[in-house]
Every structure is written in structure tokens, then in C-alpha cells.
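See below for query-v1.cif, which holds mmCIF, C-alpha atoms.
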data_entry
#
loop_
_atom_site.label_atom_id
_atom_site.label_comp_id
_atom_site.auth_asym_id
_atom_site.auth_seq_id
_atom_site.Cartn_x
_atom_site.Cartn_y
_atom_site.Cartn_z
CA MET A 93 -8.83 -58.40 3.39
CA LEU A 94 -12.04 -56.46 4.02
CA LYS A 95 -10.10 -53.21 4.38
CA LYS A 96 -8.29 -53.88 1.10
CA CYS A 97 -11.61 -54.51 -0.67
CA LEU A 98 -13.16 -51.34 0.72
CA ALA A 99 -10.11 -49.32 -0.26
CA LEU A 100 -10.13 -50.80 -3.76
CA GLY A 101 -13.87 -50.09 -4.08
CA ALA A 102 -13.43 -46.47 -3.03
CA LEU A 103 -10.57 -46.02 -5.50
CA THR A 104 -12.66 -47.53 -8.29
CA LEU A 105 -15.55 -45.17 -7.53
CA ALA A 106 -13.22 -42.18 -7.45
CA ILE A 107 -11.79 -43.09 -10.84
CA ALA A 108 -15.21 -43.82 -12.34
CA ALA A 109 -16.87 -40.66 -11.02
CA PRO A 110 -16.84 -37.80 -13.50
CA ALA A 111 -15.04 -34.64 -12.52
CA GLY A 112 -17.39 -32.05 -11.03
CA ALA A 113 -18.06 -28.82 -12.85
CA ASP A 114 -15.79 -26.01 -11.70
CA THR A 115 -16.47 -23.01 -13.90
CA LEU A 116 -14.79 -20.64 -11.46
CA ASP A 117 -11.40 -22.33 -11.85
CA ASP A 118 -11.94 -22.87 -15.58
CA VAL A 119 -12.60 -19.17 -16.19
CA ILE A 120 -9.60 -18.08 -14.14
CA ASP A 121 -7.33 -20.62 -15.83
CA ALA A 122 -8.56 -19.58 -19.30
CA GLY A 123 -8.17 -15.91 -18.47
CA LYS A 124 -11.50 -15.13 -20.13
CA LEU A 125 -15.17 -14.94 -19.11
CA ARG A 126 -17.75 -15.79 -21.79
CA CYS A 127 -21.02 -13.94 -21.20
CA GLY A 128 -24.24 -14.71 -23.08
CA VAL A 129 -26.15 -11.44 -23.51
CA VAL A 130 -29.37 -10.64 -25.38
CA LEU A 131 -28.51 -7.61 -27.55
CA ASP A 132 -31.98 -6.72 -28.85
CA PHE A 133 -33.25 -5.71 -25.41
CA PRO A 134 -32.43 -1.99 -25.08
CA PRO A 135 -31.40 -0.44 -22.78
CA ILE A 136 -30.48 -3.66 -20.96
CA GLY A 137 -28.62 -5.14 -23.91
CA TYR A 138 -28.08 -3.60 -27.36
CA ARG A 139 -25.47 -2.43 -29.88
CA ASP A 140 -24.33 1.20 -29.74
CA GLY A 141 -23.62 3.57 -32.64
CA LYS A 142 -20.30 1.80 -33.25
CA ASN A 143 -22.03 -1.60 -33.32
CA GLU A 144 -20.41 -2.51 -29.99
CA PRO A 145 -22.33 -4.38 -27.25
CA ALA A 146 -23.68 -2.00 -24.63
CA GLY A 147 -26.26 -1.80 -21.85
CA PHE A 148 -26.93 -2.85 -18.28
CA ASP A 149 -26.18 -6.55 -18.84
CA VAL A 150 -22.96 -5.79 -20.72
CA GLU A 151 -21.76 -3.69 -17.77
CA TYR A 152 -22.49 -6.59 -15.44
CA CYS A 153 -20.37 -8.89 -17.60
CA LYS A 154 -17.52 -6.39 -17.50
CA ASP A 155 -17.80 -6.05 -13.71
CA LEU A 156 -17.77 -9.81 -13.19
CA ALA A 157 -14.70 -10.17 -15.41
CA ALA A 158 -12.97 -7.40 -13.43
CA ALA A 159 -13.80 -9.18 -10.16
CA LEU A 160 -12.24 -12.35 -11.57
CA GLU A 161 -9.29 -10.40 -13.04
CA VAL A 162 -9.86 -11.88 -16.50
CA ASP A 163 -10.86 -10.64 -19.96
CA TYR A 164 -14.45 -10.94 -21.15
CA GLU A 165 -16.23 -11.98 -24.33
CA ILE A 166 -19.81 -11.01 -25.16
CA LEU A 167 -21.71 -13.80 -26.91
CA PRO A 168 -24.89 -12.39 -28.51
CA VAL A 169 -27.80 -14.77 -27.91
CA THR A 170 -31.51 -14.81 -28.72
CA TRP A 171 -34.09 -15.30 -25.99
CA ALA A 172 -34.45 -18.95 -26.96
CA GLU A 173 -30.67 -19.53 -26.79
CA ARG A 174 -30.15 -18.34 -23.21
CA LEU A 175 -30.38 -21.78 -21.61
CA PRO A 176 -28.79 -23.88 -24.41
CA VAL A 177 -25.56 -21.83 -24.38
CA ILE A 178 -25.09 -22.76 -20.72
CA VAL A 179 -26.05 -26.41 -21.13
CA THR A 180 -23.70 -26.87 -24.09
CA GLY A 181 -20.86 -24.98 -22.41
CA ARG A 182 -20.64 -22.22 -25.03
CA ALA A 183 -21.02 -19.58 -22.32
CA ASP A 184 -19.89 -19.49 -18.70
CA VAL A 185 -22.72 -17.24 -17.61
CA VAL A 186 -25.80 -15.54 -19.05
CA PHE A 187 -26.92 -12.02 -18.26
CA GLY A 188 -30.20 -11.94 -20.13
CA GLY A 189 -33.22 -10.97 -18.03
CA THR A 190 -33.94 -14.66 -17.37
CA SER A 191 -36.89 -15.41 -15.09
CA ASP A 192 -36.05 -17.98 -12.42
CA THR A 193 -38.87 -20.46 -13.04
CA LEU A 194 -38.94 -23.93 -11.49
CA ALA A 195 -39.21 -25.48 -14.95
CA ARG A 196 -36.02 -23.76 -16.12
CA ALA A 197 -34.24 -24.64 -12.87
CA ARG A 198 -34.40 -28.29 -13.94
CA THR A 199 -31.99 -27.37 -16.75
CA VAL A 200 -29.78 -24.52 -15.51
CA GLY A 201 -28.80 -22.87 -12.22
CA PHE A 202 -30.01 -19.47 -11.05
CA THR A 203 -28.63 -16.84 -8.69
CA ILE A 204 -30.59 -14.52 -6.45
CA PRO A 205 -32.33 -11.77 -8.49
CA TYR A 206 -30.06 -9.20 -10.14
CA ALA A 207 -32.79 -7.19 -11.93
CA ILE A 208 -36.57 -6.80 -11.71
CA TYR A 209 -38.99 -6.02 -14.52
CA TYR A 210 -42.69 -5.98 -15.30
CA SER A 211 -44.29 -6.68 -18.65
CA GLN A 212 -45.76 -3.91 -20.77
CA GLY A 213 -47.02 -3.56 -24.30
CA VAL A 214 -45.85 -1.41 -27.19
CA VAL A 215 -48.80 -0.58 -29.43
CA GLY A 216 -49.54 0.99 -32.76
CA SER A 217 -50.85 4.54 -32.35
CA ASP A 218 -53.97 3.74 -34.38
CA THR A 219 -54.90 0.48 -32.62
CA GLY A 220 -56.98 2.08 -29.88
CA ILE A 221 -55.31 -0.09 -27.23
CA LYS A 222 -55.23 1.88 -23.97
CA SER A 223 -56.07 -0.75 -21.34
CA PHE A 224 -55.50 -4.46 -20.90
CA GLU A 225 -59.12 -5.25 -21.87
CA ASP A 226 -58.63 -3.40 -25.16
CA ILE A 227 -56.30 -6.23 -26.26
CA ARG A 228 -59.23 -8.61 -26.81
CA GLY A 229 -59.54 -9.43 -30.48
CA LYS A 230 -56.18 -7.85 -31.29
CA ARG A 231 -53.05 -9.41 -32.81
CA VAL A 232 -50.42 -9.92 -30.10
CA ALA A 233 -46.70 -10.48 -30.74
CA ALA A 234 -43.88 -11.54 -28.41
CA ALA A 235 -40.42 -13.07 -28.56
CA VAL A 236 -40.28 -16.86 -28.46
CA GLY A 237 -39.08 -18.34 -25.17
CA THR A 238 -39.77 -15.27 -23.04
CA MET A 239 -41.91 -14.93 -19.92
CA PRO A 240 -44.31 -12.48 -21.65
CA GLU A 241 -44.94 -15.10 -24.32
CA GLN A 242 -45.61 -17.85 -21.79
CA GLU A 243 -47.92 -15.69 -19.70
CA TRP A 244 -49.77 -14.30 -22.70
CA LEU A 245 -50.46 -17.74 -24.15
CA LYS A 246 -52.32 -18.62 -20.93
CA ILE A 247 -54.56 -15.59 -21.36
CA ALA A 248 -54.97 -16.23 -25.09
CA ALA A 249 -56.16 -19.76 -24.26
CA GLU A 250 -58.72 -18.38 -21.77
CA TRP A 251 -59.98 -15.91 -24.34
CA GLY A 252 -59.87 -18.43 -27.19
CA GLU A 253 -57.53 -16.19 -29.18
CA GLU A 254 -54.45 -18.38 -29.65
CA ASP A 255 -54.79 -17.89 -33.41
CA LEU A 256 -54.13 -14.16 -32.99
CA TYR A 257 -50.74 -14.72 -31.38
CA GLN A 258 -47.48 -14.18 -33.32
CA GLY A 259 -44.12 -15.48 -32.05
CA TYR A 260 -40.82 -13.97 -33.23
CA GLN A 261 -37.20 -14.92 -32.61
CA SER A 262 -36.19 -11.47 -31.38
CA GLU A 263 -37.81 -8.44 -29.79
CA ASN A 264 -36.62 -6.27 -32.69
CA GLU A 265 -38.78 -8.41 -34.97
CA VAL A 266 -41.69 -7.97 -32.56
CA PHE A 267 -41.40 -4.16 -32.59
CA LEU A 268 -40.98 -4.10 -36.38
CA ALA A 269 -44.12 -6.22 -36.77
CA VAL A 270 -46.12 -3.68 -34.74
CA ALA A 271 -44.56 -0.73 -36.59
CA GLN A 272 -45.47 -2.33 -39.94
CA GLY A 273 -49.03 -3.06 -38.82
CA LYS A 274 -48.60 -6.84 -38.85
CA ALA A 275 -49.39 -6.95 -35.12
CA ASP A 276 -51.38 -4.57 -32.91
CA ILE A 277 -49.33 -4.93 -29.72
CA GLY A 278 -45.88 -6.27 -28.92
CA LEU A 279 -45.10 -7.52 -25.43
CA THR A 280 -41.84 -6.49 -23.79
CA THR A 281 -40.60 -5.17 -20.46
CA ASN A 282 -41.08 -1.72 -18.96
CA THR A 283 -37.40 -0.86 -19.42
CA ALA A 284 -37.57 -1.35 -23.20
CA VAL A 285 -40.65 0.75 -23.90
CA LYS A 286 -39.07 4.22 -23.94
CA PRO A 287 -36.17 3.46 -26.33
CA VAL A 288 -38.49 1.47 -28.62
CA ILE A 289 -41.13 4.18 -29.08
CA GLU A 290 -38.33 6.68 -29.69
CA GLN A 291 -36.89 4.43 -32.41
CA TYR A 292 -40.07 3.50 -34.27
CA GLU A 293 -42.49 6.07 -35.64
CA GLY A 294 -46.14 5.29 -34.99
CA LEU A 295 -45.57 3.33 -31.78
CA GLU A 296 -46.58 4.32 -28.25
CA ALA A 297 -46.50 2.91 -24.74
CA GLY A 298 -49.22 0.36 -24.14
CA PRO A 299 -50.82 -1.06 -20.99
CA ARG A 300 -49.02 -2.97 -18.27
CA MET A 301 -49.68 -6.69 -18.25
CA PRO A 302 -51.54 -8.21 -15.27
CA TRP A 303 -49.11 -10.95 -14.33
CA THR A 304 -46.62 -10.74 -11.49
CA THR A 305 -43.38 -8.77 -11.30
CA ASP A 306 -40.59 -10.58 -13.14
CA TYR A 307 -37.59 -11.41 -10.93
CA THR A 308 -34.64 -12.27 -13.17
CA SER A 309 -31.39 -14.04 -12.30
CA VAL A 310 -27.90 -14.65 -13.58
CA VAL A 311 -27.66 -18.11 -15.17
CA GLY A 312 -24.92 -20.72 -14.78
CA LYS A 313 -24.55 -24.48 -14.90
CA ARG A 314 -27.08 -26.19 -12.68
CA GLU A 315 -24.61 -28.62 -11.11
CA ASP A 316 -21.88 -26.05 -10.45
CA VAL A 317 -22.67 -24.95 -6.89
CA THR A 318 -19.29 -23.25 -6.38
CA TRP A 319 -19.82 -21.03 -9.43
CA LEU A 320 -23.40 -20.18 -8.44
CA ASN A 321 -22.24 -19.28 -4.92
CA PHE A 322 -19.63 -16.94 -6.39
CA LEU A 323 -22.22 -15.36 -8.69
CA ASN A 324 -24.58 -14.83 -5.74
CA LEU A 325 -21.84 -13.02 -3.88
CA PHE A 326 -21.09 -10.97 -6.99
CA VAL A 327 -24.74 -9.86 -7.26
CA THR A 328 -24.68 -8.88 -3.57
CA HIS A 329 -21.49 -6.89 -4.01
CA GLN A 330 -22.93 -5.05 -7.02
CA VAL A 331 -25.66 -3.70 -4.74
CA ARG A 332 -23.36 -2.95 -1.81
CA SER A 333 -20.83 -1.13 -3.96
CA GLY A 334 -23.44 1.01 -5.69
CA ARG A 335 -22.66 -0.41 -9.13
CA TYR A 336 -26.21 -1.77 -9.47
CA GLN A 337 -27.70 1.69 -8.96
CA GLU A 338 -25.01 3.27 -11.13
CA HIS A 339 -25.72 1.01 -14.10
CA TRP A 340 -29.51 1.19 -13.66
CA GLY A 341 -29.42 4.97 -13.48
CA LYS A 342 -27.25 5.22 -16.59
CA TYR A 343 -29.23 2.88 -18.83
CA VAL A 344 -32.76 2.83 -17.43
CA GLY A 345 -32.98 5.97 -15.32
CA GLY A 346 -34.29 6.71 -11.87
CA GLU A 347 -34.03 4.67 -8.70
CA ALA A 348 -33.13 1.02 -9.19
CA PRO A 349 -35.83 -1.34 -7.86
CA GLU A 350 -35.07 -3.10 -4.59
CA LEU A 351 -34.03 -6.69 -5.22
CA ARG A 352 -36.05 -8.18 -2.40
CA ILE A 353 -38.96 -10.57 -2.71
CA PRO A 354 -41.44 -10.00 0.15
CA GLY A 355 -41.41 -12.88 2.61
CA VAL A 356 -38.14 -14.31 1.27
CA MET A 357 -34.81 -14.04 3.13
CA TYR A 358 -33.15 -12.10 0.32
#
Would you mind writing the file out in C-alpha cells?
Amino acid sequence: MLKKCLALGALTLAIAAPAGADTLDDVIDAGKLRCGVVLDFPPIGYRDGKNEPAGFDVEYCKDLAAALEVDYEILPVTWAERLPVIVTGRADVVFGGTSDTLARARTVGFTIPYAIYYSQGVVGSDTGIKSFEDIRGKRVAAAVGTMPEQEWLKIAAEWGEEDLYQGYQSENEVFLAVAQGKADIGLTTNTAVKPVIEQYEGLEAGPRMPWTTDYTSVVGKREDVTWLNFLNLFVTHQVRSGRYQEHWGKYVGGEAPELRIPGVMY
């Protein structure tokens, strides 16, 4: 009788338990990979002269789809939408320069780093901003939901200059605000500075920000360990095969930064 009760209990639990997430099988069965990509982040993600998605992150989406032997779909997302598209299931994966913070890891899953950046400003030529200290008393703009915004707000609070901060939904809006004189400096990453100052007249490269190097990861569902394991292996293979260096050289230029964090096993 006891054995029957235990067996019945186990069957009940099995029926009641929700099916685990299995994005890997879902993508293969659907024959399509849906990639969330930020397309106002040149040269990492942008639209080319034909209005087609292009850039480092787009190439990574294509490579992952090829590894899975499926088609791919690029879903343009804003910085603030990177996590919600994973949580709601609109995207299978996000390539979007997403910093792997502990706070975000409570919502989504992260791979090992696939790209490394540091924060730098784009300034108006007539602002006189040459060093980090020159930013005091100036109007600072950044994209909402980004690491530069979060880090800058800490400094703004220390300086008592929160009222000088301007948040925008996209980096294009940030750069336009600086170009139009609405802001004195726009915060972005080092990879974006060159294409931005070439696009907008009156802008120039500003100072590097003092916070730490930004290690960014591929994003997937937090509970889907199988999918995250596959993505980790994909990132590793991108480096081993030379595709990481190939894409970095094409879109950013120069030697791709080593994806190791000192003192960490990877």
C-alpha cells in the first residue's frame, strides 16, 4: 500500500510540475532563431545603407543560427527592452552589449563574456571637456537602462548634479542631443565613438569614464540551463575558430580584447 501511495504521489508531482524551459529544442523545432539586437549602437549593431541590420552583434546572431542549422530573425530592441524580450519570450537570445550584473541575473541568464567595452564620452567641440573633471557642472546624457547611465548617476549623486542628467531611450537620441547643444556630453562605449564623431558635425571624442571595464554577455532565459550551456560553448567556439577576431576586426578594428577576467577561471 505504501509503495502504491509513493508511486501515486510521484506521478501527481510529475503531472503538476511545469515543463522546464528548453529553448535549444524549441529553436531547432521552429527552424528559426530570434535574436534581440540593439541597432543604434554602431559598429556593434546598426542599420547599413540598405536599412538592413548589420554589425558585430548581427554577425554573432548569424553564426549562432548557422551552428544550430536554422534561419534567424533580428528583433530590434532598445537598451531598456533587452531583458523584457527574454522574460516575455519574444526573443530566444539577446546580443546587446549587456553587462552581467548580479541584479540583472535575478531576472535573466548570462553566458561568459562575449565582448568587452569601456565607457567614454562624446562631447561638443565647444564644451571645453577634455578630462573627466571637466564634466563637473556640465549637462550629461545617456541611454536609459545602460551601465553608463547607472554608473554616472552614482557620480552625479556624489557631486550633487542629478538635475543636470538627461536620460534618452536610444543612443542616437543621446548623440543628437549633444550635436544640437541640448547636452554637453553623451556617454557611450569606446567602440561607438569613432563612427559617431564621423556622423555628427561638431562632436569629438571625450574622456574615458573612471568606472571598471564592462564585461558583456549573451542573454537567455534564467532557468534554461541547457540553453545557457550551449551559448557558453558557442562563445568559446567563436574565439577558437577565429570568428570573434574576424568580426571585431571588421567592425571595430584592431586586435580583439581578450575575454578573460583576471583571477577568474575563464
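Residues lying within 9 Å of Tyr292 (chain A), counting all atoms listed in the file and ignoring same-chain neighbours fewer than 3 positions away, are Phe267, Leu268, Ala271, Pro287, Val288, Ile289, Leu295 and Glu296 of chain A.
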Discussion item. Assuming the chain letters and numbering stay as they are in my file, what does the PyMOL selection byres ((chain A and resi 242) around 12) actually select? List them as an MDAnalysis selection string.
Written reply: chainID A and resid 191 193 211 233:241 243:249 254 257 259 279 303
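Considering the residues A:Val232, A:Ala157, A:Pro134, A:Val310 and counting all atoms listed in the file, Ile120 (chain A) has its shortest atom-to-atom contact with A:Ala157.
Nearest-residue note for Asp306 (chain A): choosing from A:Ser217, A:Asn143, A:Ser223, A:Thr281, the minimum distance belongs to A:Thr281, counting all atoms listed in the file.
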Worksheet item: What do you get, as a PyMOL selection string, if you spell out every residue that the PyMOL selection byres ((chain A and resi 322) around 12) selects here?
Response: chain A and resi 114-117+156+159-160+185+202-204+310-312+316-321+323-329
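The coordinates place CA of Ala207 (chain A) at 25.1 Å from CA of Gly141 (chain A).
Those residues returned by the PyMOL selection byres ((chain A and resi 196) around 12) for this file are Ala172, Arg174, Leu175, Pro176, Ile178, Val179, Thr190, Ser191, Asp192, Thr193, Leu194, Ala195, Ala197, Arg198, Thr199, Val200, Gly201, Phe202, Gly237, Thr238, Met239, Thr308, Ser309, Val311, Gly312, Lys313 and Arg314 of chain A.
Proximity to Trp171 (chain A) was assessed for A:Ala284, A:Ile353, A:Val129, A:Ala158 counting all atoms listed in the file; the smallest distance is recorded for A:Val129.
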Worksheet item: Which neighbours of Val215 (chain A) fall inside 10 Å, counting only C-alpha atoms, when residues of the same chain fewer than 3 positions from it are skipped, and could you give them as an MDAnalysis selection string?
Response: chainID A and resid 212 218:222 227 232 267 270:271 273 275:279 285 289 294:299
